[in-house]
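Okay, work_20.txt now, which holds compact mmCIF, C-alpha atoms:
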# COMPACT_ATOMS: atom_id res chain seq x y z
CA MET A 1 75.38 134.20 133.58
CA SER A 2 75.94 135.51 137.10
CA GLY A 3 73.44 134.83 139.88
CA GLN A 4 72.71 138.54 140.24
CA ARG A 5 72.02 138.92 136.52
CA LEU A 6 69.77 135.87 136.55
CA ARG A 7 67.79 137.24 139.48
CA ALA A 8 67.33 140.51 137.59
CA GLN A 9 65.95 138.61 134.59
CA PHE A 10 63.58 136.68 136.83
CA SER A 11 62.45 139.94 138.44
CA ARG A 12 61.60 141.40 135.04
CA LEU A 13 59.43 138.44 134.13
CA TYR A 14 57.83 138.29 137.57
CA HIS A 15 56.87 141.99 137.54
CA HIS A 16 55.66 141.93 133.96
CA PHE A 17 53.24 139.07 134.63
CA ASN A 18 52.52 140.15 138.26
CA GLY A 19 53.78 136.78 139.45
CA GLU A 20 50.87 134.98 137.78
CA ASP A 21 51.19 131.90 135.61
CA THR A 22 50.43 132.71 132.01
CA ASP A 23 50.36 131.54 128.40
CA THR A 24 52.81 133.51 126.29
CA ALA A 25 55.20 133.25 123.36
CA LEU A 26 58.97 132.99 123.35
CA GLN A 27 59.21 136.25 121.38
CA ALA A 28 57.21 138.04 124.09
CA VAL A 29 59.67 136.77 126.71
CA ALA A 30 62.57 137.93 124.55
CA ASP A 31 61.00 141.39 124.30
CA ILE A 32 60.59 141.59 128.09
CA LEU A 33 64.18 140.53 128.68
CA VAL A 34 65.45 142.74 125.83
CA CYS A 35 67.38 139.93 124.19
CA THR A 36 67.20 137.51 121.28
CA ARG A 37 64.92 134.47 121.20
CA ARG A 38 67.99 132.27 121.58
CA ASN A 39 69.15 134.09 124.71
CA ALA A 40 65.59 134.13 126.08
CA ARG A 41 65.44 130.36 125.72
CA MET A 42 68.80 130.07 127.53
CA VAL A 43 67.59 132.30 130.37
CA LEU A 44 64.40 130.28 130.78
CA SER A 45 66.46 127.10 130.89
CA LYS A 46 68.70 128.55 133.64
CA LEU A 47 65.69 129.71 135.64
CA GLU A 48 64.22 126.22 135.40
CA GLU A 49 67.49 124.69 136.61
CA HIS A 50 67.29 126.90 139.70
CA GLY A 51 63.70 125.80 140.31
CA TRP A 52 62.31 129.33 140.07
CA LEU A 53 59.87 128.67 137.23
CA THR A 54 58.86 126.19 134.55
CA TRP A 55 58.60 126.79 130.82
CA GLN A 56 56.52 124.42 128.70
CA PRO A 57 57.13 125.21 125.01
CA SER A 58 54.13 125.01 122.72
CA VAL A 59 53.86 122.38 119.99
CA GLY A 60 52.60 123.77 116.71
CA ARG A 61 52.64 127.13 114.97
CA GLY A 62 50.72 129.94 116.62
CA LYS A 63 50.25 128.14 119.93
CA LEU A 64 51.31 129.76 123.20
CA SER A 65 53.77 128.29 125.70
CA ARG A 66 53.06 127.99 129.43
CA LEU A 67 55.08 130.02 131.96
CA THR A 68 54.64 128.96 135.60
CA PHE A 69 56.29 130.74 138.52
CA LEU A 70 57.49 128.42 141.29
CA ARG A 71 59.01 131.09 143.53
CA SER A 72 58.07 134.64 144.45
CA GLU A 73 60.43 137.55 144.03
CA SER A 74 60.29 138.31 147.76
CA ALA A 75 61.34 134.74 148.57
CA LEU A 76 64.36 135.04 146.29
CA ARG A 77 65.27 138.36 147.87
CA GLU A 78 65.20 136.77 151.31
CA GLU A 79 67.37 133.89 150.09
CA GLN A 80 69.91 136.33 148.68
CA ALA A 81 69.84 138.37 151.89
CA ALA A 82 70.39 135.17 153.90
CA GLN A 83 73.46 134.40 151.79
CA TRP A 84 74.84 137.86 152.45
CA LEU A 85 74.28 137.35 156.19
CA THR A 86 76.22 134.08 156.21
CA GLN A 87 79.12 136.05 154.72
CA GLY A 88 78.78 138.75 157.36
CA LYS A 89 77.72 141.40 154.82
CA ILE A 90 74.82 142.96 156.69
CA ASP A 91 74.75 146.11 154.53
CA HIS A 92 74.29 144.02 151.39
CA ALA A 93 71.55 141.99 153.09
CA LEU A 94 69.72 145.14 154.17
CA ALA A 95 69.91 146.59 150.63
CA CYS A 96 68.57 143.32 149.25
CA LEU A 97 65.55 143.74 151.52
CA ASP A 98 64.94 147.31 150.34
CA HIS A 99 66.43 148.62 153.61
CA ASP A 100 63.58 147.14 155.63
CA ALA A 101 65.18 146.74 159.07
CA THR A 102 62.21 144.73 160.39
CA LYS A 103 62.66 142.10 157.68
CA LEU A 104 66.39 141.98 158.37
CA VAL A 105 65.86 141.40 162.09
CA THR A 106 63.36 138.62 161.34
CA LEU A 107 65.82 136.98 158.95
CA ILE A 108 68.67 137.22 161.46
CA GLN A 109 66.49 135.58 164.13
CA LYS A 110 65.72 132.71 161.75
CA GLN A 111 69.42 132.09 161.23
CA MET A 112 70.34 132.08 164.90
CA GLY A 113 70.87 128.89 166.85
CA PRO A 114 72.14 125.43 165.84
CA SER A 115 71.96 124.10 162.29
CA THR A 116 73.60 121.47 160.09
CA GLN A 117 75.36 122.28 156.82
CA ASN A 118 77.19 119.67 154.74
CA GLY A 119 77.23 117.32 157.71
CA ARG A 120 78.76 119.94 160.03
CA GLN A 121 77.02 121.31 163.11
CA ILE A 122 76.99 125.11 163.21
CA VAL A 123 75.83 127.48 165.93
CA ARG A 124 75.19 131.13 165.04
CA LEU A 125 75.01 133.77 167.77
CA PRO A 126 74.53 137.53 167.40
CA TYR A 127 77.45 139.47 168.85
CA TYR A 128 78.07 143.17 169.24
CA ARG A 129 81.82 143.15 168.46
CA GLN A 130 84.58 141.17 166.79
CA LEU A 131 85.55 138.12 168.82
CA GLU A 132 89.18 137.36 169.59
CA GLU A 133 90.52 133.82 169.34
CA LEU A 134 88.65 131.57 171.75
CA ASP A 135 91.70 130.01 173.38
CA PRO A 136 90.93 128.73 176.91
CA ARG A 137 94.64 128.78 177.78
CA GLY A 138 94.85 132.57 177.76
CA PRO A 139 93.18 135.44 179.62
CA LEU A 140 89.65 136.09 178.35
CA ARG A 141 86.94 138.66 178.82
CA ARG A 142 83.81 137.52 180.64
CA SER A 143 81.76 137.07 177.46
CA GLU A 144 84.51 134.99 175.85
CA GLN A 145 84.80 132.95 179.04
CA HIS A 146 81.12 132.05 178.74
CA LEU A 147 81.52 130.93 175.13
CA VAL A 148 84.66 128.95 175.92
CA GLY A 149 82.76 127.20 178.70
CA GLN A 150 80.19 126.04 176.14
CA ILE A 151 82.84 124.71 173.74
CA PHE A 152 85.66 123.27 175.84
CA ASN A 153 85.77 120.91 178.79
CA GLY A 154 88.17 120.82 181.71
CA LEU A 155 88.98 118.11 184.19
CA VAL A 156 86.63 119.91 186.58
CA ARG A 157 84.28 122.90 186.50
CA TYR A 158 83.75 125.65 189.01
CA ARG A 159 80.05 126.13 189.72
CA GLY A 160 79.93 129.78 190.65
CA ASN A 161 76.43 129.85 192.11
CA ASP A 162 77.30 127.20 194.69
CA ARG A 163 81.02 128.07 194.86
CA ILE A 164 82.04 124.46 194.50
CA VAL A 165 84.19 122.43 192.10
CA VAL A 166 82.26 119.73 190.23
CA ALA A 167 83.21 116.90 187.90
CA ASP A 168 83.66 117.37 184.17
CA LEU A 169 86.10 115.21 182.18
CA ALA A 170 87.18 113.70 185.48
CA HIS A 171 84.39 111.94 187.35
CA HIS A 172 86.30 112.13 190.63
CA TRP A 173 89.80 112.87 192.01
CA ASP A 174 92.05 112.32 195.03
CA ALA A 175 94.51 114.66 196.72
CA LEU A 176 97.73 112.63 197.16
CA SER A 177 99.60 115.57 198.70
CA ALA A 178 99.45 119.34 198.86
CA THR A 179 100.80 119.58 195.30
CA GLN A 180 99.81 116.24 193.76
CA TRP A 181 96.39 115.11 192.57
CA ARG A 182 95.09 112.00 190.84
CA PHE A 183 92.17 112.42 188.40
CA TYR A 184 89.99 109.58 187.14
CA LEU A 185 88.78 110.28 183.60
CA ARG A 186 85.28 109.59 182.38
CA PRO A 187 85.28 106.64 179.96
CA GLY A 188 84.09 106.99 176.38
CA VAL A 189 84.72 110.74 176.02
CA ARG A 190 85.23 111.74 172.37
CA PHE A 191 86.37 114.86 170.57
CA HIS A 192 84.18 116.66 168.01
CA ASP A 193 85.75 114.54 165.23
CA GLY A 194 84.83 111.30 166.98
CA ARG A 195 88.32 110.47 168.26
CA LEU A 196 88.41 108.87 171.70
CA MET A 197 90.09 110.96 174.40
CA THR A 198 92.97 109.35 176.28
CA GLU A 199 95.15 110.31 179.22
CA HIS A 200 97.83 111.41 176.74
CA ASP A 201 95.55 114.19 175.53
CA VAL A 202 95.18 115.47 179.09
CA ILE A 203 98.95 115.30 179.65
CA SER A 204 99.55 117.19 176.40
CA SER A 205 97.09 119.95 177.36
CA LEU A 206 98.58 120.35 180.84
CA SER A 207 102.11 120.42 179.40
CA GLN A 208 101.12 123.27 177.08
CA LEU A 209 99.63 125.16 180.01
CA ALA A 210 102.91 124.91 181.87
CA THR A 211 104.52 127.21 179.30
CA ARG A 212 101.91 129.91 179.85
CA ARG A 213 102.59 132.75 182.24
CA PHE A 214 99.40 132.29 184.26
CA PHE A 215 99.93 128.54 184.73
CA ALA A 216 103.70 128.26 185.00
CA ILE A 217 104.95 126.41 188.05
Structure re-expressed in structure tokens:
Amino acid sequence: MSGQRLRAQFSRLYHHFNGEDTDTALQAVADILVCTRRNARMVLSKLEEHGWLTWQPSVGRGKLSRLTFLRSESALREEQAAQWLTQGKIDHALACLDHDATKLVTLIQKQMGPSTQNGRQIVRLPYYRQLEELDPRGPLRRSEQHLVGQIFNGLVRYRGNDRIVVADLAHHWDALSATQWRFYLRPGVRFHDGRLMTEHDVISSLSQLATRRFFAI
């Protein structure tokens, strides 16, 4: 059973009982879901697996079972809308929230900023247009330059407010001649995957820059 179909079944039960825990019979649930008792039992089992409700079958003829709602329908709608947002499907998310723009904005704000998923650090930022590849070796628009500055490091940084060059990966440097410089790298610098940076990484990056039009010697 698809997730959308399962949510629809949950919605039927939730609306029928007004979201209140109740004592009922399996046949009554089957009637609400318009299915057989066997399928109703399967649906209840799936809903329990998702943690949306609990179903405690009765023991003995004529006794009622206990249906307890663990989640509200609005909470499930927000979860579904959040999933659509992570996939970039804003129209789907808005429809899931009954086209309530205020709820959508609130949900987007909740998702912004840093988070951790499956051990990976993720930063979500709202942006008004499609971003090009964030490659610091090529020409970039001002907004991309800002993002690149938050992601990548250089040997030095230019501090625009003070109009000075400050240390970054290199803690200091010497001018050996008009065209030759010696940089002293900060010790213990690691990449995002934990690998230790070496001078060979710097040489490799500079060698790649030499093939670019704006950095060619």
Would you mind listing what lies within 6 Å of range 68-80 of chain A as number ranges by chain, with all atoms listed in the file counted and same-chain residues fewer than 6 positions away left out? A: 21, 52-54
Neighbours of point (84.6, 113.3, 177.7) within 9 Å, using all atoms listed in the file, written as a VMD selection string: chain A and resid 153 168 to 170 185 to 191 196 to 197
Would you mind reading off the distance between CA of Ala28 in chain A and CA of Ser45 in chain A, one decimal, in Å? 15.9 Å
Would you compute the distance between CA of Met112 in chain A and CA of His192 in chain A? Give it in Å to one decimal.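 Computed distance, CA of Met112 in chain A to CA of His192 in chain A, equals 21.0 Å.
What separates CA of Leu67 in chain A from CA of Cys96 in chain A is a distance of 25.6 Å.
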Have a look at A:Leu33, A:Thr198, A:Asn118, A:Arg212 and name the one nearest to Tyr184 in chain A; count all atoms listed in the file.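 Selected residue with least distance to Tyr184 in chain A: A:Thr198.
Minimum distance to Ile151 in chain A across A:His15, A:Thr211, A:Asp135, A:Gln9 (counting all atoms listed in the file) occurs at A:Asp135.
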Ranking A:Lys89, A:His99, A:His50, A:Arg124 by minimum distance to Leu147 in chain A and counting all atoms listed in the file, which one comes first?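 Nearest candidate to Leu147 in chain A out of A:Lys89, A:His99, A:His50, A:Arg124: A:Arg124.
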Using only C-alpha atoms, determine which residues lie at most 10 Å from Leu125 in chain A, disregarding the query and same-chain residues fewer than 4 positions distant; provide the list as a list in words.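 Here the qualifying residues turn out to be Ile108, Gln109, Gln111, Met112, Gly113 and Pro114 of chain A.
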